[in-house]
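Student: Please see the structure below; I have some questions.
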Amino acid sequence: MPNRLAASLAVAVLSLTACSSTRPAGGPPASSAAAMTASAQPASQFFDQAAYDKQLAWRKSTPTGDPSKPWLQTIEPQMADTAKFKKPGPWHVCFSNAGVGNPWRVTGLTTMKEEVKLHKEIGEFTVVDAEGKDDKQISDISDLLGKKCDALIISPNTTAALTPAVEKACQSGVPVVVFDRGVTTDCPVSFVHPIGGYAFGTDSAEFIASKIPKGGKVLALRILPGVDVLENRWEAARLAFQKAGANVVGAEFTDGDPAKVKTIVSDYLQRFGDLDGVWMDAGATTVAAIEAFQDAGKPVPPINGEDQQDFLALWQKDKLTAMAATYPVYQWRTAVIAATDILSGRQVPKEWVLPEPVITEQNLAQYVTPNMPPLFYPTCGCQDMPGFPQTWGGK
Amino acid sequence: MTGALRRVPAIWLVLLIVTAVIIWRNPSFAEPLSLLTFLKRSAPLIVLTAGQLFVIVTGEFDLSAGALITACVVVAAKVSAGDPALTWPVIGLLALLGAGVGLVNGLVTTLLRVPSFITTLGMMLVLNGAVFLWTGGSPTGSLAPEFRQYGRETGYAVAVTAVVVAVAWLLLHRSRFGHLALATGGGTRAAALSGVPVARMRIIAFVISGLSAVVAAILLAGFAGLSKEAGAGYEFQAISAVVLGGAVLGGGRGTAGGAVAGALTLQCLFTLLNLLGLEKPLRDTVQGVLIILAAAFAAYRLRKEQ
């Protein structure tokens with residue numbers, strides 16, 4: 001009997017492996033993942049004081065251009081001359097995409113294809129999907145270089161691995177536009193990106209800290225370690241919580257999986273009885289975190305998310321204390337616009353820094369879009385495009 | 001078979017001890033509401049374990065169960081697109097899918113004589129790949145609250161689980177099918193010689209496992225919502241729970257009650273590790289060490305029996 005007992009215990013423990021969750025996430029992170037560097041450095045390695053200060057200042061600055069068309073706006077632009085790239089249409093524009101592994105990217109690609117339709121001069125638009133794999137994207141880019149593209153748009157899968165491929169593309173003489181995740185070369189004619197991770201992390205953590213008592217318990221949920229924009233968001237948030245005197249009781253990795261998010265939040269509720277706030281480094285699974293509180297019969301504490309429709313709708317319906325820092329989808333439009341500007345010989349910003357809208361209780365109503373699917377992102381800037389809403393799955 | 005029955009109490013005792021430790025660490029766990037919530041969280045694993053039990057007692061494995069759960073969740077979201085009116089048609093479609101996958105697993109294993117380890121591992125890859133191709137890597141659509149209520153609302157989840165467990169118990173211990181299934185795994189050649197339709201028993205066991213994955217998928221989709229990793233790792237948890245419940249890999253021995261207790265014990269252990277507040281990486285390390293110990297114990301038990 002004791003042997004049997006021991007054996008049963010042993011097997012019980014054996015099966016725990018099935019639950020361990022440090023398996024590397026396949027493909028890009030679940031939500032608005034930006035530049036990735038596949039290194040396992042400690043988090044502090046990702047902190048860059050100069051970039052932090054710059055981004056926090058950009059949050060307060062007024063972007064140039066029409067606020068109703070944020071995809072055309074830019075912050076503190078240094079214009080690059082593009083006269084040498086000017087050529088008559090029709091153009092062949094090529095796009096090497098990191099992948100469509102999350103709803104943010106799905107909305108983005110749909111928006112981009114519609115933007116292309118708005119430019120009569122683009123005769124042909126070729127999209128190659130790297131399915132979240134560095135090696136595939138490297139060979140995709142070299143294939144595209146043999147296809148007589150007039151301009152090449154690249155959304156890199158990871159920073160370090162794709163830098164040489166982007167450099168090779170620049171050397172071929174084709175004007176290159178990089179957007180979303182970055183690379184460590186400045187050879188592209190234009191690099192399009194929103195303000196960045198430090199702004200996201202600061203905005204969201206400051207909001208939560210302002211809504212909870214001093215020393216309040218905050219749970220931080222992160223997708224995965226080692227992705228620079230996500231690390232930046234977390235570093236900035238940690239700093240903001242520290243300044244506000246909030247007690248971060250845990251920082252857990254979720255792989256962007258709602259089931260894991262729900263289990264982790266339920267576990268923490270069981271351990272601590274309650275939580276005063278939940279901070280998320282990306283918004284795709286915010287609804288799962290909220291459900292964990294609702295299913296446990298507890299009030300939902302201050303929480304942040306992104307502009308994913310299911311979260312915005314739930315926030316509005318249940319009148320939550322929430323905010324959404326965003327990583328706007330309209331940058332997919334901007335990338336195409338930058339390419340057409342370059343081929344027309346118009347100046348473009350060398351670094352096209354886009355504003356990063358923050359959704360609060362006050363402006364929530366203008367972002368909740370009725371009759372759109374739950375995984376829609378209203379910062380697509382696509383509401384005025386022909387084909388809206390059907391092309392984006394709306395009714 | 002009496003040996004199998006005598007084995008049941010061991011796991012119940014383990015369950016009792018683990019539960020007692022949890023209650024000692026966190027007395028609120030013993031409240032009826034907490035217990036029901038715990039049952040709801042365990043529901044998908046209990047159901048999947050009940051299905052896996054049939055495959056294991058007939059001497060096979062089903063490694064495709066987790067991938068089948070994921071496929072069901074993704075298909076349900078994409079096909080129904082959040083339309084509540086489609087709840088039952090979609091459940092019907094999933095049942096067909098689950099039974100179909102089980103049938104293919106069974107036919108390949110018995111008629112083509114491919115070891116089930118390979119058959120179902122292959123099926124797992126096929127399902128994962130098909131889901132990726134079909135969705136382009138990101139699940140689309142949504143699940144209506146009417147579909148999710150079965151896993152999200154405690155009453156439904158507990159009721160569904162109770163029904164599944166009762167059916168599994170009747171089928172395994174109170175029906176001719178169960179008797180033949182145990183005979184199939186206990187001594188395949190002897191069973192075949194005494195007229196047991198061995199291949200048919202195994203095919204049916206795989207279909208039962210497939211259907212249990214469908215029910216687990218509905219419960220899990222309700223609990224957690226749409227996820228492209230919904231079922232990842234569940235097949236290993238279910239096989240562990242079955243073995244923990246006193247069934248023998250290789251077949252012939254196993255009880256429905258033991259399997260349920262195995263699943264509950266596993267969930268209790270997860271809860272306990274969380275209550276102890278182990279950091280996730282440290283938890284993984286502790287688990288790794290314990291696995292090696294566990295494998296050693298299992299080998300020791302086998303030696304004693306021979």
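By convention here, the chains of the structure tokens are called A, B, ... in the order presented, each chain's residues are numbered starting at 1, and ligands are numbered starting at 1 in the order presented.
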Which residues are close to range 206-218 of chain A, i.e. within 8 Å by only C-alpha atoms, leaving aside same-chain residues fewer than 2 positions away? Reply as a ChimeraX atom specification.
Tutor: /A:202-204,220,237,240-241,244-250,275-279,302-304,323
Student: Tell me, as a PyMOL selection string, which residues lie within 7 Å of range 131-141 of chain B, counting only C-alpha atoms; anything in the same chain fewer than 2 positions away does not count.
Tutor: (chain A and resi 100-103) or (chain B and resi 71+74+77-78+81-82+127-129+228)
Student: Would you list the contacts of Ile203 in chain B as a list in words, taking every protein, DNA or RNA residue within 9 Å and counting only C-alpha atoms, but skipping same-chain residues closer than 6 positions in sequence?
Tutor: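 Those residues are Val55, Gly102, Leu103, Val104, Asn105, Gly106, Leu107, Thr109 and Thr110 of chain B.
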Student: Keeping only all heavy atoms, write those residues as a CSV table (one decimal), in the first residue's frame.
Tutor:
```csv
chain,number,residue,atom,x,y,z
B,55,VAL,N,-9.5,4.4,-24.3
B,55,VAL,CA,-8.4,4.1,-25.2
B,55,VAL,C,-7.3,3.4,-24.4
B,55,VAL,O,-6.7,2.4,-24.9
B,55,VAL,CB,-7.8,5.4,-25.9
B,55,VAL,CG1,-6.7,5.1,-26.8
B,55,VAL,CG2,-8.9,6.1,-26.6
B,102,GLY,N,-11.8,10.3,-34.3
B,102,GLY,CA,-11.6,9.0,-33.5
B,102,GLY,C,-11.7,7.8,-34.4
B,102,GLY,O,-10.9,6.9,-34.3
B,103,LEU,N,-12.6,7.9,-35.4
B,103,LEU,CA,-12.8,6.7,-36.3
B,103,LEU,C,-11.5,6.6,-37.2
B,103,LEU,O,-11.0,5.4,-37.3
B,103,LEU,CB,-14.0,7.0,-37.3
B,103,LEU,CG,-14.4,5.9,-38.1
B,103,LEU,CD1,-15.0,4.7,-37.3
B,103,LEU,CD2,-15.5,6.3,-39.1
B,104,VAL,N,-10.9,7.7,-37.7
B,104,VAL,CA,-9.7,7.6,-38.4
B,104,VAL,C,-8.6,7.0,-37.6
B,104,VAL,O,-7.9,6.1,-38.0
B,104,VAL,CB,-9.3,8.9,-39.0
B,104,VAL,CG1,-8.0,8.9,-39.7
B,104,VAL,CG2,-10.4,9.4,-40.1
B,105,ASN,N,-8.4,7.5,-36.4
B,105,ASN,CA,-7.4,7.0,-35.5
B,105,ASN,C,-7.6,5.5,-35.3
B,105,ASN,O,-6.6,4.8,-35.3
B,105,ASN,CB,-7.5,7.7,-34.1
B,105,ASN,CG,-6.9,9.1,-34.0
B,105,ASN,OD1,-6.0,9.4,-34.8
B,105,ASN,ND2,-7.3,9.9,-33.1
B,106,GLY,N,-8.8,5.1,-35.0
B,106,GLY,CA,-9.1,3.7,-34.8
B,106,GLY,C,-8.8,2.8,-36.0
B,106,GLY,O,-8.2,1.8,-35.9
B,107,LEU,N,-9.2,3.3,-37.2
B,107,LEU,CA,-9.1,2.5,-38.4
B,107,LEU,C,-7.6,2.4,-38.7
B,107,LEU,O,-7.1,1.3,-39.0
B,107,LEU,CB,-9.8,3.1,-39.6
B,107,LEU,CG,-11.4,3.0,-39.5
B,107,LEU,CD1,-12.0,3.8,-40.6
B,107,LEU,CD2,-11.8,1.5,-39.5
B,109,THR,N,-5.1,2.6,-36.7
B,109,THR,CA,-4.4,1.8,-35.7
B,109,THR,C,-4.7,0.3,-35.9
B,109,THR,O,-3.8,-0.5,-35.8
B,109,THR,CB,-4.8,2.3,-34.3
B,109,THR,OG1,-4.5,3.6,-34.2
B,109,THR,CG2,-4.0,1.5,-33.2
B,110,THR,N,-5.9,0.0,-36.2
B,110,THR,CA,-6.3,-1.5,-36.2
B,110,THR,C,-6.1,-2.1,-37.6
B,110,THR,O,-5.5,-3.1,-37.7
B,110,THR,CB,-7.7,-1.7,-35.8
B,110,THR,OG1,-8.6,-0.8,-36.6
B,110,THR,CG2,-7.9,-1.3,-34.3
```
Student: With only C-alpha atoms as the basis for distance, which of A:Val106, A:Val329, A:Val176, A:Gly196 is at the shortest distance from Asn232 in chain A?
Tutor: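 Using only C-alpha atoms, Asn232 in chain A sits closest to A:Gly196.
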Student: Between B:Ser194, B:Thr49, B:Ser34, B:Thr19, which has the minimum distance to chain A (counting only C-alpha atoms)?
Tutor: B:Ser34
Student: My list of candidates is B:Ala224, B:Gly252, B:Gly262, B:Ser64. Which is closest to Ile264 in chain A when distances are computed with only C-alpha atoms?
Tutor: B:Ala224
Student: What is the CA of Gly258 in chain B to CA of Ala168 in chain B distance in Å?
Tutor: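 The value is 11.7 Å.
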Student: Could you give me, as a ChimeraX atom specification, each residue of range 108-243 of chain B that DSSP assigns to helix (DSSP H, G or I) when run on this structure's backbone?
Tutor: /B:108-110,116-135,145-152,154-173,176-186,188-193,198-224,234-243
Student: What does the distance between CA of Gly98 in chain B and CA of Leu211 in chain B come to in Å, to one decimal place?
Tutor: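 Pair CA of Gly98 in chain B / CA of Leu211 in chain B returns 5.1 Å.
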Student: When you draw a straight line from CA of Ser344 in chain A to CA of Glu121 in chain A, how long is it in Å?
Tutor: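 Answer for the CA of Ser344 in chain A to CA of Glu121 in chain A separation: 9.6 Å.
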Student: Considering only C-alpha atoms, state which residue in the set A:Leu145, A:Val348, A:Ile290, A:Leu375 is at the smallest distance from chain B.
Tutor: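 Result for the nearest residue to chain B: A:Leu375.
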Student: I need the residue nearest Arg59 in chain A from this list: A:Ala292, A:Cys94, A:Val368, A:Ala199. Use only C-alpha atoms for the distance.
Tutor: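 Among the listed residues, A:Ala199 lies closest to Arg59 in chain A.
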Student: Could you name the residues that touch Leu224 in chain A at 7 Å or less, counting only C-alpha atoms, but leaving out those on the same chain fewer than 5 positions away, as a JSON list (two decimals) with N, CA and C atoms, in the first residue's frame?
Tutor:
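Writing done, so here's result-v9.json:
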```
[["chain", "number", "residue", "atom", "x", "y", "z"],
["A", 253, "PHE", "N", 4.01, 35.51, -17.27],
["A", 253, "PHE", "CA", 3.95, 35.41, -18.72],
["A", 253, "PHE", "C", 2.75, 34.56, -19.14],
["A", 254, "THR", "N", 2.02, 35.02, -20.13],
["A", 254, "THR", "CA", 0.77, 34.37, -20.51],
["A", 254, "THR", "C", 0.81, 33.75, -21.90],
["A", 255, "ASP", "N", 1.86, 33.99, -22.67],
["A", 255, "ASP", "CA", 1.90, 33.59, -24.08],
["A", 255, "ASP", "C", 0.75, 34.17, -24.89]]
```
Student: For range 306-312 of chain A, work out the shell of residues within 7 Å, counting only C-alpha atoms and skipping chain neighbours fewer than 5 positions away, then give it as a ChimeraX atom specification.
Tutor: /A:282-284,286-287,324-326,368,374-379
Student: So that I can see what lies close to range 257-263 of chain A, please list as a list in words the residues with an atom at most 8 Å from it, counting only C-alpha atoms and leaving out residues fewer than 5 positions away in the same chain.
Tutor: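 With the cut-off at 8 Å, the set is Ala30, Leu221, Thr285, Ala288, Ala289, Glu291 and Ala292 of chain A; Phe223, Ala224, Gly225, Leu226, Ser227, Lys228, Glu229 and Ala230 of chain B.
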Student: Hey, which of A:His193, A:Arg105, A:Lys147, A:Lys298 ends up closest to chain B? Count only C-alpha atoms.
Tutor: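 Once distances to chain B are computed over only C-alpha atoms, the minimum belongs to A:Arg105.
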Student: If we count only C-alpha atoms and set the cut-off at 9 Å, which residues sit around Pro90 in chain A, ignoring sequence neighbours fewer than 4 positions away in its own chain? Please answer as a PyMOL selection string.
Tutor: chain A and resi 120-124
Student: Write the residues of the selection above to a file with all heavy atoms, as a PDB file, in the first residue's frame.
Tutor:
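Below is the file again16.pdb, written as the result:
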```pdb
ATOM      1  N   LYS A 120      -4.220  54.875 -57.559  1.00  0.00           N
ATOM      2  CA  LYS A 120      -4.355  54.380 -58.933  1.00  0.00           C
ATOM      3  C   LYS A 120      -2.988  54.029 -59.538  1.00  0.00           C
ATOM      4  O   LYS A 120      -2.884  53.183 -60.415  1.00  0.00           O
ATOM      5  CB  LYS A 120      -5.030  55.443 -59.805  1.00  0.00           C
ATOM      6  CG  LYS A 120      -6.440  55.796 -59.354  1.00  0.00           C
ATOM      7  CD  LYS A 120      -7.469  54.844 -59.961  1.00  0.00           C
ATOM      8  CE  LYS A 120      -8.861  55.064 -59.406  1.00  0.00           C
ATOM      9  NZ  LYS A 120      -8.978  54.823 -57.939  1.00  0.00           N
ATOM     10  N   GLU A 121      -1.935  54.727 -59.064  1.00  0.00           N
ATOM     11  CA  GLU A 121      -0.621  54.528 -59.684  1.00  0.00           C
ATOM     12  C   GLU A 121      -0.029  53.169 -59.327  1.00  0.00           C
ATOM     13  O   GLU A 121       0.900  52.707 -59.977  1.00  0.00           O
ATOM     14  CB  GLU A 121       0.373  55.608 -59.248  1.00  0.00           C
ATOM     15  CG  GLU A 121      -0.166  57.029 -59.283  1.00  0.00           C
ATOM     16  CD  GLU A 121      -0.757  57.466 -57.953  1.00  0.00           C
ATOM     17  OE1 GLU A 121      -1.613  56.731 -57.418  1.00  0.00           O
ATOM     18  OE2 GLU A 121      -0.362  58.529 -57.447  1.00  0.00           O
ATOM     19  N   ILE A 122      -0.537  52.531 -58.248  1.00  0.00           N
ATOM     20  CA  ILE A 122      -0.005  51.212 -57.908  1.00  0.00           C
ATOM     21  C   ILE A 122      -0.670  50.187 -58.825  1.00  0.00           C
ATOM     22  O   ILE A 122      -1.850  49.876 -58.696  1.00  0.00           O
ATOM     23  CB  ILE A 122      -0.258  50.860 -56.429  1.00  0.00           C
ATOM     24  CG1 ILE A 122       0.426  51.893 -55.509  1.00  0.00           C
ATOM     25  CG2 ILE A 122       0.263  49.451 -56.110  1.00  0.00           C
ATOM     26  CD1 ILE A 122       0.208  51.660 -54.031  1.00  0.00           C
ATOM     27  N   GLY A 123       0.100  49.713 -59.790  1.00  0.00           N
ATOM     28  CA  GLY A 123      -0.465  48.779 -60.759  1.00  0.00           C
ATOM     29  C   GLY A 123      -0.511  47.373 -60.214  1.00  0.00           C
ATOM     30  O   GLY A 123      -1.407  46.586 -60.516  1.00  0.00           O
ATOM     31  N   GLU A 124       0.489  47.040 -59.363  1.00  0.00           N
ATOM     32  CA  GLU A 124       0.557  45.686 -58.848  1.00  0.00           C
ATOM     33  C   GLU A 124       1.037  45.740 -57.406  1.00  0.00           C
ATOM     34  O   GLU A 124       1.946  46.518 -57.086  1.00  0.00           O
ATOM     35  CB  GLU A 124       1.544  44.876 -59.702  1.00  0.00           C
ATOM     36  CG  GLU A 124       1.406  43.389 -59.529  1.00  0.00           C
ATOM     37  CD  GLU A 124       2.432  42.619 -60.365  1.00  0.00           C
ATOM     38  OE1 GLU A 124       3.018  43.202 -61.301  1.00  0.00           O
ATOM     39  OE2 GLU A 124       2.657  41.432 -60.053  1.00  0.00           O
TER      40      GLU A 124
END
```
Student: Just list as a PyMOL selection string whatever in range 207-254 of chain A DSSP marks as strand (DSSP E or B).
Tutor: chain A and resi 217-222+247-253
